[in-house]
Amino acid sequence: QVQLVESGGGLVQTGGSLRLSCLASKRSFGIYAMGWFRQAPGKEREFVAAISWSGGTTHYADSVKGRFTISRDNAKNTVYLQMNNLKPEDTAVYSCAAHPARSIEFAATQRPDYGYWGQGTQVTVSS
């Protein structure tokens, strides 16, 4: 069982930055790939970014490439999402997720591949 707790959300103006954190339960963190997803009101949950167990492989949605950076610190059992140049369309509940690693360099980008989810943290970008 993996437990995930997000933090770092909030209200920011267009063009601002936020860094989200996701703390994972200690025993299981080291063998899971991690991802961030988001869900805006009235929309489906969508993929944002993913990172492999080693940190050597990352994937991003086209809408956030060049603005968001995913990283992880396995020693701290934490994955991060640095979000820069935020736009009103980035407003959503952001959730981190985990799936067992198929290899140290693999990270899934599809929602059904992720079996563990956090509760989410709200990010609101004002125009």
# chains A, B, ... in the order shown; residues from 1 in each chain; ligands from 1

$ residues_around --residues "segment 64-69 of chain A" --least-positions-apart "3" --cutoff "9 Å" --atoms "only C-alpha atoms" --output "PyMOL selection string"
chain A and resi 48-49+58-61+80-86+90

$ closest_atom_pairs --of "segment 69-112 of chain A" --to "segment 14-25 of chain A" --cutoff "12 Å" --atoms "only C-alpha atoms" --output "JSON lines"
{"residue": "A:Thr69", "atom": "CA", "partner": "A:Arg19", "partner_atom": "CA", "distance": 9.3}
{"residue": "A:Ile70", "atom": "CA", "partner": "A:Leu20", "partner_atom": "CA", "distance": 9.4}
{"residue": "A:Ser71", "atom": "CA", "partner": "A:Ser21", "partner_atom": "CA", "distance": 9.7}
{"residue": "A:Arg72", "atom": "CA", "partner": "A:Cys22", "partner_atom": "CA", "distance": 9.2}
{"residue": "A:Asp73", "atom": "CA", "partner": "A:Leu23", "partner_atom": "CA", "distance": 10.0}
{"residue": "A:Asn74", "atom": "CA", "partner": "A:Ala24", "partner_atom": "CA", "distance": 9.6}
{"residue": "A:Ala75", "atom": "CA", "partner": "A:Ala24", "partner_atom": "CA", "distance": 11.0}
{"residue": "A:Lys76", "atom": "CA", "partner": "A:Leu23", "partner_atom": "CA", "distance": 7.9}
{"residue": "A:Asn77", "atom": "CA", "partner": "A:Ala24", "partner_atom": "CA", "distance": 5.5}
{"residue": "A:Thr78", "atom": "CA", "partner": "A:Leu23", "partner_atom": "CA", "distance": 4.6}
{"residue": "A:Val79", "atom": "CA", "partner": "A:Cys22", "partner_atom": "CA", "distance": 5.2}
{"residue": "A:Tyr80", "atom": "CA", "partner": "A:Ser21", "partner_atom": "CA", "distance": 4.5}
{"residue": "A:Leu81", "atom": "CA", "partner": "A:Leu20", "partner_atom": "CA", "distance": 5.0}
{"residue": "A:Gln82", "atom": "CA", "partner": "A:Arg19", "partner_atom": "CA", "distance": 4.4}
{"residue": "A:Met83", "atom": "CA", "partner": "A:Leu18", "partner_atom": "CA", "distance": 5.2}
{"residue": "A:Asn84", "atom": "CA", "partner": "A:Ser17", "partner_atom": "CA", "distance": 4.4}
{"residue": "A:Asn85", "atom": "CA", "partner": "A:Gly15", "partner_atom": "CA", "distance": 4.1}
{"residue": "A:Leu86", "atom": "CA", "partner": "A:Gly15", "partner_atom": "CA", "distance": 4.9}
{"residue": "A:Lys87", "atom": "CA", "partner": "A:Thr14", "partner_atom": "CA", "distance": 5.1}
{"residue": "A:Pro88", "atom": "CA", "partner": "A:Thr14", "partner_atom": "CA", "distance": 6.4}
{"residue": "A:Glu89", "atom": "CA", "partner": "A:Thr14", "partner_atom": "CA", "distance": 9.7}
{"residue": "A:Asp90", "atom": "CA", "partner": "A:Thr14", "partner_atom": "CA", "distance": 9.6}
{"residue": "A:Thr91", "atom": "CA", "partner": "A:Thr14", "partner_atom": "CA", "distance": 10.4}
{"residue": "A:Val93", "atom": "CA", "partner": "A:Leu20", "partner_atom": "CA", "distance": 11.3}
{"residue": "A:Tyr94", "atom": "CA", "partner": "A:Leu20", "partner_atom": "CA", "distance": 8.6}
{"residue": "A:Ser95", "atom": "CA", "partner": "A:Cys22", "partner_atom": "CA", "distance": 8.5}
{"residue": "A:Cys96", "atom": "CA", "partner": "A:Cys22", "partner_atom": "CA", "distance": 6.4}
{"residue": "A:Ala97", "atom": "CA", "partner": "A:Cys22", "partner_atom": "CA", "distance": 8.9}
{"residue": "A:Ala98", "atom": "CA", "partner": "A:Ala24", "partner_atom": "CA", "distance": 8.9}
{"residue": "A:His99", "atom": "CA", "partner": "A:Ala24", "partner_atom": "CA", "distance": 11.9}

$ write_last_selection --atoms "N, CA, C and O atoms" --output "tab-separated table (two decimals), in the first residue's frame"
chain	number	residue	atom	x	y	z
A	69	THR	N	8.18	21.32	-14.40
A	69	THR	CA	9.28	20.37	-14.24
A	69	THR	C	8.95	19.40	-13.11
A	69	THR	O	8.66	19.83	-11.99
A	70	ILE	N	9.02	18.12	-13.41
A	70	ILE	CA	8.82	17.09	-12.39
A	70	ILE	C	10.18	16.59	-11.93
A	70	ILE	O	11.11	16.45	-12.73
A	71	SER	N	10.31	16.34	-10.64
A	71	SER	CA	11.55	15.82	-10.09
A	71	SER	C	11.21	14.98	-8.86
A	71	SER	O	10.08	15.01	-8.37
A	72	ARG	N	12.19	14.24	-8.38
A	72	ARG	CA	11.96	13.43	-7.19
A	72	ARG	C	13.22	13.35	-6.37
A	72	ARG	O	14.34	13.43	-6.89
A	73	ASP	N	13.02	13.16	-5.08
A	73	ASP	CA	14.10	12.94	-4.13
A	73	ASP	C	13.76	11.67	-3.37
A	73	ASP	O	12.96	11.71	-2.43
A	74	ASN	N	14.35	10.56	-3.78
A	74	ASN	CA	14.00	9.28	-3.16
A	74	ASN	C	14.42	9.22	-1.69
A	74	ASN	O	13.80	8.53	-0.89
A	75	ALA	N	15.45	9.95	-1.33
A	75	ALA	CA	15.88	9.97	0.07
A	75	ALA	C	14.83	10.62	0.97
A	75	ALA	O	14.74	10.32	2.15
A	76	LYS	N	14.04	11.53	0.38
A	76	LYS	CA	12.99	12.24	1.13
A	76	LYS	C	11.61	11.69	0.82
A	76	LYS	O	10.61	12.23	1.29
A	77	ASN	N	11.55	10.65	0.00
A	77	ASN	CA	10.26	10.06	-0.37
A	77	ASN	C	9.30	11.09	-0.97
A	77	ASN	O	8.09	11.04	-0.71
A	78	THR	N	9.83	11.98	-1.76
A	78	THR	CA	9.03	13.10	-2.24
A	78	THR	C	9.21	13.31	-3.74
A	78	THR	O	10.33	13.19	-4.25
A	79	VAL	N	8.12	13.62	-4.40
A	79	VAL	CA	8.15	14.03	-5.79
A	79	VAL	C	7.63	15.46	-5.87
A	79	VAL	O	6.75	15.84	-5.09
A	80	TYR	N	8.18	16.23	-6.77
A	80	TYR	CA	7.85	17.65	-6.88
A	80	TYR	C	7.31	17.97	-8.28
A	80	TYR	O	7.63	17.29	-9.26
A	81	LEU	N	6.54	19.03	-8.33
A	81	LEU	CA	6.13	19.58	-9.62
A	81	LEU	C	6.32	21.09	-9.54
A	81	LEU	O	5.57	21.78	-8.85
A	82	GLN	N	7.37	21.56	-10.20
A	82	GLN	CA	7.63	22.99	-10.27
A	82	GLN	C	6.83	23.55	-11.44
A	82	GLN	O	7.00	23.11	-12.57
A	83	MET	N	5.99	24.53	-11.15
A	83	MET	CA	5.12	25.10	-12.17
A	83	MET	C	5.44	26.58	-12.33
A	83	MET	O	5.27	27.36	-11.40
A	84	ASN	N	5.90	26.94	-13.50
A	84	ASN	CA	6.25	28.33	-13.81
A	84	ASN	C	5.35	28.87	-14.91
A	84	ASN	O	4.72	28.12	-15.65
A	85	ASN	N	5.31	30.19	-15.00
A	85	ASN	CA	4.51	30.86	-16.03
A	85	ASN	C	3.08	30.30	-16.05
A	85	ASN	O	2.56	29.93	-17.11
A	86	LEU	N	2.47	30.26	-14.90
A	86	LEU	CA	1.14	29.67	-14.79
A	86	LEU	C	0.09	30.50	-15.53
A	86	LEU	O	0.19	31.73	-15.61
A	87	LYS	N	-0.89	29.78	-16.06
A	87	LYS	CA	-1.97	30.38	-16.84
A	87	LYS	C	-3.31	30.04	-16.20
A	87	LYS	O	-3.41	29.02	-15.49
A	88	PRO	N	-4.34	30.82	-16.45
A	88	PRO	CA	-5.66	30.50	-15.87
A	88	PRO	C	-6.13	29.10	-16.23
A	88	PRO	O	-6.80	28.45	-15.41
A	89	GLU	N	-5.78	28.60	-17.40
A	89	GLU	CA	-6.19	27.26	-17.79
A	89	GLU	C	-5.46	26.16	-17.02
A	89	GLU	O	-5.80	24.97	-17.16
A	90	ASP	N	-4.48	26.51	-16.20
A	90	ASP	CA	-3.82	25.54	-15.33
A	90	ASP	C	-4.61	25.32	-14.04
A	90	ASP	O	-4.26	24.45	-13.23
A	91	THR	N	-5.64	26.10	-13.83
A	91	THR	CA	-6.46	25.96	-12.62
A	91	THR	C	-7.10	24.59	-12.57
A	91	THR	O	-7.77	24.16	-13.51
A	93	VAL	N	-7.52	20.80	-9.65
A	93	VAL	CA	-7.02	20.02	-8.52
A	93	VAL	C	-5.92	19.11	-9.04
A	93	VAL	O	-6.14	18.34	-9.97
A	94	TYR	N	-4.75	19.23	-8.45
A	94	TYR	CA	-3.59	18.45	-8.88
A	94	TYR	C	-3.39	17.28	-7.91
A	94	TYR	O	-3.32	17.48	-6.70
A	95	SER	N	-3.26	16.09	-8.50
A	95	SER	CA	-3.08	14.89	-7.70
A	95	SER	C	-1.82	14.16	-8.13
A	95	SER	O	-1.52	14.09	-9.32
A	96	CYS	N	-1.10	13.64	-7.16
A	96	CYS	CA	0.02	12.78	-7.52
A	96	CYS	C	-0.44	11.32	-7.47
A	96	CYS	O	-1.44	10.99	-6.82
A	97	ALA	N	0.26	10.50	-8.20
A	97	ALA	CA	-0.11	9.09	-8.32
A	97	ALA	C	1.15	8.25	-8.44
A	97	ALA	O	2.22	8.76	-8.81
A	98	ALA	N	1.00	6.97	-8.13
A	98	ALA	CA	2.15	6.06	-8.16
A	98	ALA	C	1.76	4.75	-8.82
A	98	ALA	O	0.60	4.31	-8.73
A	99	HIS	N	2.72	4.12	-9.48
A	99	HIS	CA	2.51	2.76	-9.99
A	99	HIS	C	3.81	1.99	-9.82
A	99	HIS	O	4.91	2.56	-9.87

$ residues_around --residues "Thr57 of chain A" --least-positions-apart "2" --cutoff "8 Å" --atoms "only C-alpha atoms" --output "number ranges by chain"
A: 51-52, 54-55, 59, 105-107

$ atom_distance --atom1 "atom CA of Gln119 of chain A" --atom2 "atom CA of Gln39 of chain A"
11.8 Å

$ closest_residue --among "A:Ser127, A:Arg38, A:Asp62, A:Lys43" --to "Gly9 of chain A" --atoms "only C-alpha atoms"
A:Arg38

$ atom_distance --atom1 "atom CA of Ala92 of chain A" --atom2 "atom CA of Ala50 of chain A"
17.3 Å

$ atom_distance --atom1 "atom CA of Trp53 of chain A" --atom2 "atom CA of Tyr116 of chain A"
15.0 Å

$ closest_residue --among "A:Ala101, A:Met34, A:Leu11, A:Ala40" --to "Trp117 of chain A" --atoms "only C-alpha atoms"
A:Met34

$ select_by_dssp --residues "segment 63-117 of chain A" --states "strand (DSSP E)" --output "mmCIF file with all heavy atoms, in the first residue's frame"
data_model
loop_
_atom_site.group_PDB
_atom_site.id
_atom_site.type_symbol
_atom_site.label_atom_id
_atom_site.label_comp_id
_atom_site.auth_asym_id
_atom_site.auth_seq_id
_atom_site.Cartn_x
_atom_site.Cartn_y
_atom_site.Cartn_z
ATOM 1 N N PHE A 68 6.524 23.411 -16.781
ATOM 2 C CA PHE A 68 6.496 22.569 -15.587
ATOM 3 C C PHE A 68 7.699 21.633 -15.590
ATOM 4 O O PHE A 68 8.141 21.180 -16.648
ATOM 5 C CB PHE A 68 5.224 21.721 -15.552
ATOM 6 C CG PHE A 68 3.945 22.473 -15.311
ATOM 7 C CD1 PHE A 68 3.886 23.859 -15.380
ATOM 8 C CD2 PHE A 68 2.779 21.779 -15.022
ATOM 9 C CE1 PHE A 68 2.696 24.552 -15.161
ATOM 10 C CE2 PHE A 68 1.584 22.444 -14.797
ATOM 11 C CZ PHE A 68 1.549 23.823 -14.877
ATOM 12 N N THR A 69 8.179 21.322 -14.396
ATOM 13 C CA THR A 69 9.282 20.366 -14.239
ATOM 14 C C THR A 69 8.951 19.401 -13.113
ATOM 15 O O THR A 69 8.660 19.835 -11.990
ATOM 16 C CB THR A 69 10.595 21.083 -13.930
ATOM 17 O OG1 THR A 69 10.891 22.023 -14.974
ATOM 18 C CG2 THR A 69 11.742 20.080 -13.835
ATOM 19 N N ILE A 70 9.023 18.116 -13.409
ATOM 20 C CA ILE A 70 8.816 17.094 -12.388
ATOM 21 C C ILE A 70 10.177 16.591 -11.929
ATOM 22 O O ILE A 70 11.109 16.445 -12.733
ATOM 23 C CB ILE A 70 7.943 15.936 -12.914
ATOM 24 C CG1 ILE A 70 7.561 14.983 -11.785
ATOM 25 C CG2 ILE A 70 8.612 15.198 -14.068
ATOM 26 C CD1 ILE A 70 6.509 13.939 -12.176
ATOM 27 N N SER A 71 10.308 16.344 -10.642
ATOM 28 C CA SER A 71 11.550 15.817 -10.094
ATOM 29 C C SER A 71 11.212 14.983 -8.862
ATOM 30 O O SER A 71 10.085 15.009 -8.370
ATOM 31 C CB SER A 71 12.507 16.948 -9.731
ATOM 32 O OG SER A 71 11.944 17.793 -8.738
ATOM 33 N N ARG A 72 12.189 14.240 -8.379
ATOM 34 C CA ARG A 72 11.959 13.432 -7.191
ATOM 35 C C ARG A 72 13.221 13.350 -6.368
ATOM 36 O O ARG A 72 14.337 13.435 -6.889
ATOM 37 C CB ARG A 72 11.447 12.045 -7.559
ATOM 38 C CG ARG A 72 12.429 11.172 -8.296
ATOM 39 C CD ARG A 72 11.741 9.897 -8.807
ATOM 40 N NE ARG A 72 11.351 9.005 -7.722
ATOM 41 C CZ ARG A 72 10.485 8.004 -7.856
ATOM 42 N NH1 ARG A 72 9.917 7.775 -9.026
ATOM 43 N NH2 ARG A 72 10.200 7.226 -6.842
ATOM 44 N N ASP A 73 13.020 13.157 -5.076
ATOM 45 C CA ASP A 73 14.103 12.944 -4.135
ATOM 46 C C ASP A 73 13.761 11.672 -3.375
ATOM 47 O O ASP A 73 12.956 11.706 -2.430
ATOM 48 C CB ASP A 73 14.235 14.147 -3.208
ATOM 49 C CG ASP A 73 15.433 14.035 -2.279
ATOM 50 O OD1 ASP A 73 15.918 12.905 -2.064
ATOM 51 O OD2 ASP A 73 15.868 15.065 -1.760
ATOM 52 N N THR A 78 9.829 11.977 -1.755
ATOM 53 C CA THR A 78 9.030 13.099 -2.237
ATOM 54 C C THR A 78 9.213 13.307 -3.738
ATOM 55 O O THR A 78 10.334 13.192 -4.249
ATOM 56 C CB THR A 78 9.404 14.385 -1.487
ATOM 57 O OG1 THR A 78 9.210 14.186 -0.081
ATOM 58 C CG2 THR A 78 8.525 15.553 -1.927
ATOM 59 N N VAL A 79 8.115 13.619 -4.395
ATOM 60 C CA VAL A 79 8.153 14.029 -5.793
ATOM 61 C C VAL A 79 7.629 15.457 -5.869
ATOM 62 O O VAL A 79 6.754 15.844 -5.093
ATOM 63 C CB VAL A 79 7.332 13.073 -6.684
ATOM 64 C CG1 VAL A 79 5.857 13.086 -6.325
ATOM 65 C CG2 VAL A 79 7.532 13.399 -8.152
ATOM 66 N N TYR A 80 8.177 16.228 -6.769
ATOM 67 C CA TYR A 80 7.846 17.646 -6.881
ATOM 68 C C TYR A 80 7.310 17.966 -8.275
ATOM 69 O O TYR A 80 7.632 17.294 -9.255
ATOM 70 C CB TYR A 80 9.084 18.502 -6.638
ATOM 71 C CG TYR A 80 9.770 18.240 -5.326
ATOM 72 C CD1 TYR A 80 10.870 17.396 -5.249
ATOM 73 C CD2 TYR A 80 9.314 18.835 -4.152
ATOM 74 C CE1 TYR A 80 11.511 17.149 -4.046
ATOM 75 C CE2 TYR A 80 9.944 18.601 -2.940
ATOM 76 C CZ TYR A 80 11.045 17.754 -2.894
ATOM 77 O OH TYR A 80 11.660 17.518 -1.700
ATOM 78 N N LEU A 81 6.537 19.028 -8.334
ATOM 79 C CA LEU A 81 6.129 19.579 -9.616
ATOM 80 C C LEU A 81 6.324 21.089 -9.537
ATOM 81 O O LEU A 81 5.570 21.784 -8.848
ATOM 82 C CB LEU A 81 4.671 19.253 -9.936
ATOM 83 C CG LEU A 81 4.205 19.704 -11.327
ATOM 84 C CD1 LEU A 81 4.918 18.879 -12.405
ATOM 85 C CD2 LEU A 81 2.686 19.557 -11.474
ATOM 86 N N GLN A 82 7.374 21.565 -10.198
ATOM 87 C CA GLN A 82 7.630 22.993 -10.268
ATOM 88 C C GLN A 82 6.834 23.553 -11.436
ATOM 89 O O GLN A 82 6.998 23.111 -12.572
ATOM 90 C CB GLN A 82 9.119 23.266 -10.469
ATOM 91 C CG GLN A 82 9.469 24.734 -10.620
ATOM 92 C CD GLN A 82 9.229 25.537 -9.362
ATOM 93 O OE1 GLN A 82 9.568 25.102 -8.268
ATOM 94 N NE2 GLN A 82 8.634 26.720 -9.511
ATOM 95 N N MET A 83 5.991 24.533 -11.152
ATOM 96 C CA MET A 83 5.115 25.101 -12.174
ATOM 97 C C MET A 83 5.438 26.576 -12.333
ATOM 98 O O MET A 83 5.274 27.360 -11.395
ATOM 99 C CB MET A 83 3.647 24.913 -11.770
ATOM 100 C CG MET A 83 3.278 23.463 -11.467
ATOM 101 S SD MET A 83 1.518 23.232 -11.148
ATOM 102 C CE MET A 83 1.332 24.169 -9.650
ATOM 103 N N ALA A 92 -6.866 23.875 -11.470
ATOM 104 C CA ALA A 92 -7.367 22.503 -11.328
ATOM 105 C C ALA A 92 -6.969 21.959 -9.965
ATOM 106 O O ALA A 92 -6.179 22.575 -9.248
ATOM 107 C CB ALA A 92 -6.784 21.603 -12.419
ATOM 108 N N VAL A 93 -7.517 20.801 -9.650
ATOM 109 C CA VAL A 93 -7.018 20.018 -8.516
ATOM 110 C C VAL A 93 -5.919 19.115 -9.041
ATOM 111 O O VAL A 93 -6.144 18.340 -9.973
ATOM 112 C CB VAL A 93 -8.137 19.191 -7.869
ATOM 113 C CG1 VAL A 93 -7.555 18.295 -6.778
ATOM 114 C CG2 VAL A 93 -9.211 20.105 -7.293
ATOM 115 N N TYR A 94 -4.749 19.228 -8.448
ATOM 116 C CA TYR A 94 -3.594 18.448 -8.878
ATOM 117 C C TYR A 94 -3.392 17.283 -7.915
ATOM 118 O O TYR A 94 -3.321 17.478 -6.700
ATOM 119 C CB TYR A 94 -2.344 19.320 -8.896
ATOM 120 C CG TYR A 94 -2.304 20.254 -10.081
ATOM 121 C CD1 TYR A 94 -3.169 21.342 -10.164
ATOM 122 C CD2 TYR A 94 -1.420 20.048 -11.135
ATOM 123 C CE1 TYR A 94 -3.153 22.198 -11.261
ATOM 124 C CE2 TYR A 94 -1.384 20.900 -12.239
ATOM 125 C CZ TYR A 94 -2.254 21.965 -12.288
ATOM 126 O OH TYR A 94 -2.235 22.810 -13.372
ATOM 127 N N SER A 95 -3.259 16.092 -8.496
ATOM 128 C CA SER A 95 -3.079 14.889 -7.698
ATOM 129 C C SER A 95 -1.819 14.158 -8.133
ATOM 130 O O SER A 95 -1.522 14.087 -9.324
ATOM 131 C CB SER A 95 -4.267 13.941 -7.873
ATOM 132 O OG SER A 95 -5.480 14.545 -7.473
ATOM 133 N N CYS A 96 -1.100 13.640 -7.160
ATOM 134 C CA CYS A 96 0.017 12.776 -7.517
ATOM 135 C C CYS A 96 -0.444 11.322 -7.475
ATOM 136 O O CYS A 96 -1.441 10.990 -6.820
ATOM 137 C CB CYS A 96 1.226 13.009 -6.622
ATOM 138 S SG CYS A 96 1.057 12.469 -4.928
ATOM 139 N N ALA A 97 0.259 10.496 -8.197
ATOM 140 C CA ALA A 97 -0.109 9.092 -8.324
ATOM 141 C C ALA A 97 1.150 8.252 -8.438
ATOM 142 O O ALA A 97 2.219 8.757 -8.807
ATOM 143 C CB ALA A 97 -0.997 8.888 -9.541
ATOM 144 N N ALA A 98 1.003 6.965 -8.133
ATOM 145 C CA ALA A 98 2.147 6.062 -8.165
ATOM 146 C C ALA A 98 1.756 4.747 -8.821
ATOM 147 O O ALA A 98 0.604 4.306 -8.730
ATOM 148 C CB ALA A 98 2.656 5.804 -6.749
ATOM 149 N N HIS A 99 2.724 4.122 -9.480
ATOM 150 C CA HIS A 99 2.513 2.761 -9.988
ATOM 151 C C HIS A 99 3.810 1.986 -9.821
ATOM 152 O O HIS A 99 4.907 2.564 -9.873
ATOM 153 C CB HIS A 99 2.057 2.773 -11.448
ATOM 154 C CG HIS A 99 3.112 3.153 -12.460
ATOM 155 N ND1 HIS A 99 4.088 2.275 -12.894
ATOM 156 C CD2 HIS A 99 3.334 4.302 -13.125
ATOM 157 C CE1 HIS A 99 4.850 2.873 -13.785
ATOM 158 N NE2 HIS A 99 4.424 4.116 -13.943
ATOM 159 N N PRO A 100 3.722 0.661 -9.601
ATOM 160 C CA PRO A 100 4.925 -0.151 -9.469
ATOM 161 C C PRO A 100 5.793 -0.019 -10.722
ATOM 162 O O PRO A 100 5.293 -0.033 -11.836
ATOM 163 C CB PRO A 100 4.382 -1.572 -9.320
ATOM 164 C CG PRO A 100 3.001 -1.396 -8.808
ATOM 165 C CD PRO A 100 2.504 -0.141 -9.443
ATOM 166 N N TYR A 116 -2.332 4.089 -7.232
ATOM 167 C CA TYR A 116 -2.337 4.795 -5.954
ATOM 168 C C TYR A 116 -2.421 6.295 -6.218
ATOM 169 O O TYR A 116 -1.693 6.824 -7.060
ATOM 170 C CB TYR A 116 -1.075 4.463 -5.153
ATOM 171 C CG TYR A 116 -0.927 2.991 -4.888
ATOM 172 C CD1 TYR A 116 -0.115 2.203 -5.687
ATOM 173 C CD2 TYR A 116 -1.633 2.381 -3.853
ATOM 174 C CE1 TYR A 116 0.005 0.845 -5.465
ATOM 175 C CE2 TYR A 116 -1.518 1.028 -3.623
ATOM 176 C CZ TYR A 116 -0.698 0.264 -4.425
ATOM 177 O OH TYR A 116 -0.582 -1.085 -4.207
ATOM 178 N N TRP A 117 -3.303 6.931 -5.440
ATOM 179 C CA TRP A 117 -3.582 8.345 -5.664
ATOM 180 C C TRP A 117 -3.620 9.110 -4.357
ATOM 181 O O TRP A 117 -4.057 8.596 -3.325
ATOM 182 C CB TRP A 117 -4.949 8.508 -6.356
ATOM 183 C CG TRP A 117 -4.957 7.952 -7.734
ATOM 184 C CD1 TRP A 117 -5.188 6.658 -8.087
ATOM 185 C CD2 TRP A 117 -4.722 8.662 -8.950
ATOM 186 N NE1 TRP A 117 -5.104 6.518 -9.460
ATOM 187 C CE2 TRP A 117 -4.818 7.739 -10.012
ATOM 188 C CE3 TRP A 117 -4.441 9.994 -9.241
ATOM 189 C CZ2 TRP A 117 -4.634 8.104 -11.340
ATOM 190 C CZ3 TRP A 117 -4.261 10.365 -10.564
ATOM 191 C CH2 TRP A 117 -4.363 9.422 -11.598
#

$ closest_residue --among "A:Gly120, A:Gly115, A:Gly42, A:Gly56" --to "Gly10 of chain A" --atoms "only C-alpha atoms"
A:Gly120

$ residues_around --residues "Gln110 of chain A" --least-positions-apart "5" --cutoff "10 Å" --atoms "only C-alpha atoms" --output "mmCIF file with N, CA, C and O atoms, in the first residue's frame"
data_model
loop_
_atom_site.group_PDB
_atom_site.id
_atom_site.type_symbol
_atom_site.label_atom_id
_atom_site.label_comp_id
_atom_site.auth_asym_id
_atom_site.auth_seq_id
_atom_site.Cartn_x
_atom_site.Cartn_y
_atom_site.Cartn_z
ATOM 1 N N GLY A 35 3.562 10.106 -10.937
ATOM 2 C CA GLY A 35 2.991 11.016 -11.918
ATOM 3 C C GLY A 35 2.164 12.104 -11.259
ATOM 4 O O GLY A 35 1.780 11.980 -10.092
ATOM 5 N N PHE A 37 -1.339 14.402 -12.121
ATOM 6 C CA PHE A 37 -2.521 14.573 -12.957
ATOM 7 C C PHE A 37 -3.300 15.773 -12.432
ATOM 8 O O PHE A 37 -3.091 16.205 -11.294
ATOM 9 N N GLU A 46 -6.674 14.694 -16.279
ATOM 10 C CA GLU A 46 -5.710 14.581 -17.372
ATOM 11 C C GLU A 46 -4.284 14.464 -16.865
ATOM 12 O O GLU A 46 -3.936 14.972 -15.796
ATOM 13 N N PHE A 47 -3.473 13.820 -17.665
ATOM 14 C CA PHE A 47 -2.062 13.636 -17.359
ATOM 15 C C PHE A 47 -1.330 14.964 -17.446
ATOM 16 O O PHE A 47 -1.579 15.772 -18.354
ATOM 17 N N ALA A 50 5.178 12.810 -15.571
ATOM 18 C CA ALA A 50 5.541 11.546 -14.930
ATOM 19 C C ALA A 50 7.051 11.437 -14.848
ATOM 20 O O ALA A 50 7.776 12.032 -15.663
#

$ decode --residues "segment 98-102 of chain A" --atoms "all heavy atoms" --output "mmCIF file, in the first residue's frame"
data_model
loop_
_atom_site.group_PDB
_atom_site.id
_atom_site.type_symbol
_atom_site.label_atom_id
_atom_site.label_comp_id
_atom_site.auth_asym_id
_atom_site.auth_seq_id
_atom_site.Cartn_x
_atom_site.Cartn_y
_atom_site.Cartn_z
ATOM 1 N N ALA A 98 1.003 6.965 -8.133
ATOM 2 C CA ALA A 98 2.147 6.062 -8.165
ATOM 3 C C ALA A 98 1.756 4.747 -8.821
ATOM 4 O O ALA A 98 0.604 4.306 -8.730
ATOM 5 C CB ALA A 98 2.656 5.804 -6.749
ATOM 6 N N HIS A 99 2.724 4.122 -9.480
ATOM 7 C CA HIS A 99 2.513 2.761 -9.988
ATOM 8 C C HIS A 99 3.810 1.986 -9.821
ATOM 9 O O HIS A 99 4.907 2.564 -9.873
ATOM 10 C CB HIS A 99 2.057 2.773 -11.448
ATOM 11 C CG HIS A 99 3.112 3.153 -12.460
ATOM 12 N ND1 HIS A 99 4.088 2.275 -12.894
ATOM 13 C CD2 HIS A 99 3.334 4.302 -13.125
ATOM 14 C CE1 HIS A 99 4.850 2.873 -13.785
ATOM 15 N NE2 HIS A 99 4.424 4.116 -13.943
ATOM 16 N N PRO A 100 3.722 0.661 -9.601
ATOM 17 C CA PRO A 100 4.925 -0.151 -9.469
ATOM 18 C C PRO A 100 5.793 -0.019 -10.722
ATOM 19 O O PRO A 100 5.293 -0.033 -11.836
ATOM 20 C CB PRO A 100 4.382 -1.572 -9.320
ATOM 21 C CG PRO A 100 3.001 -1.396 -8.808
ATOM 22 C CD PRO A 100 2.504 -0.141 -9.443
ATOM 23 N N ALA A 101 7.076 0.147 -10.511
ATOM 24 C CA ALA A 101 7.979 0.369 -11.636
ATOM 25 C C ALA A 101 8.247 -0.927 -12.388
ATOM 26 O O ALA A 101 8.644 -1.922 -11.799
ATOM 27 C CB ALA A 101 9.284 0.968 -11.138
ATOM 28 N N ARG A 102 8.028 -0.916 -13.707
ATOM 29 C CA ARG A 102 8.346 -2.069 -14.561
ATOM 30 C C ARG A 102 9.845 -2.134 -14.816
ATOM 31 O O ARG A 102 10.398 -3.196 -15.063
ATOM 32 C CB ARG A 102 7.578 -1.965 -15.879
ATOM 33 C CG ARG A 102 6.078 -1.936 -15.672
ATOM 34 C CD ARG A 102 5.340 -1.586 -16.933
ATOM 35 N NE ARG A 102 3.922 -1.289 -16.647
ATOM 36 C CZ ARG A 102 3.051 -0.873 -17.543
ATOM 37 N NH1 ARG A 102 3.436 -0.697 -18.801
ATOM 38 N NH2 ARG A 102 1.801 -0.626 -17.210
#
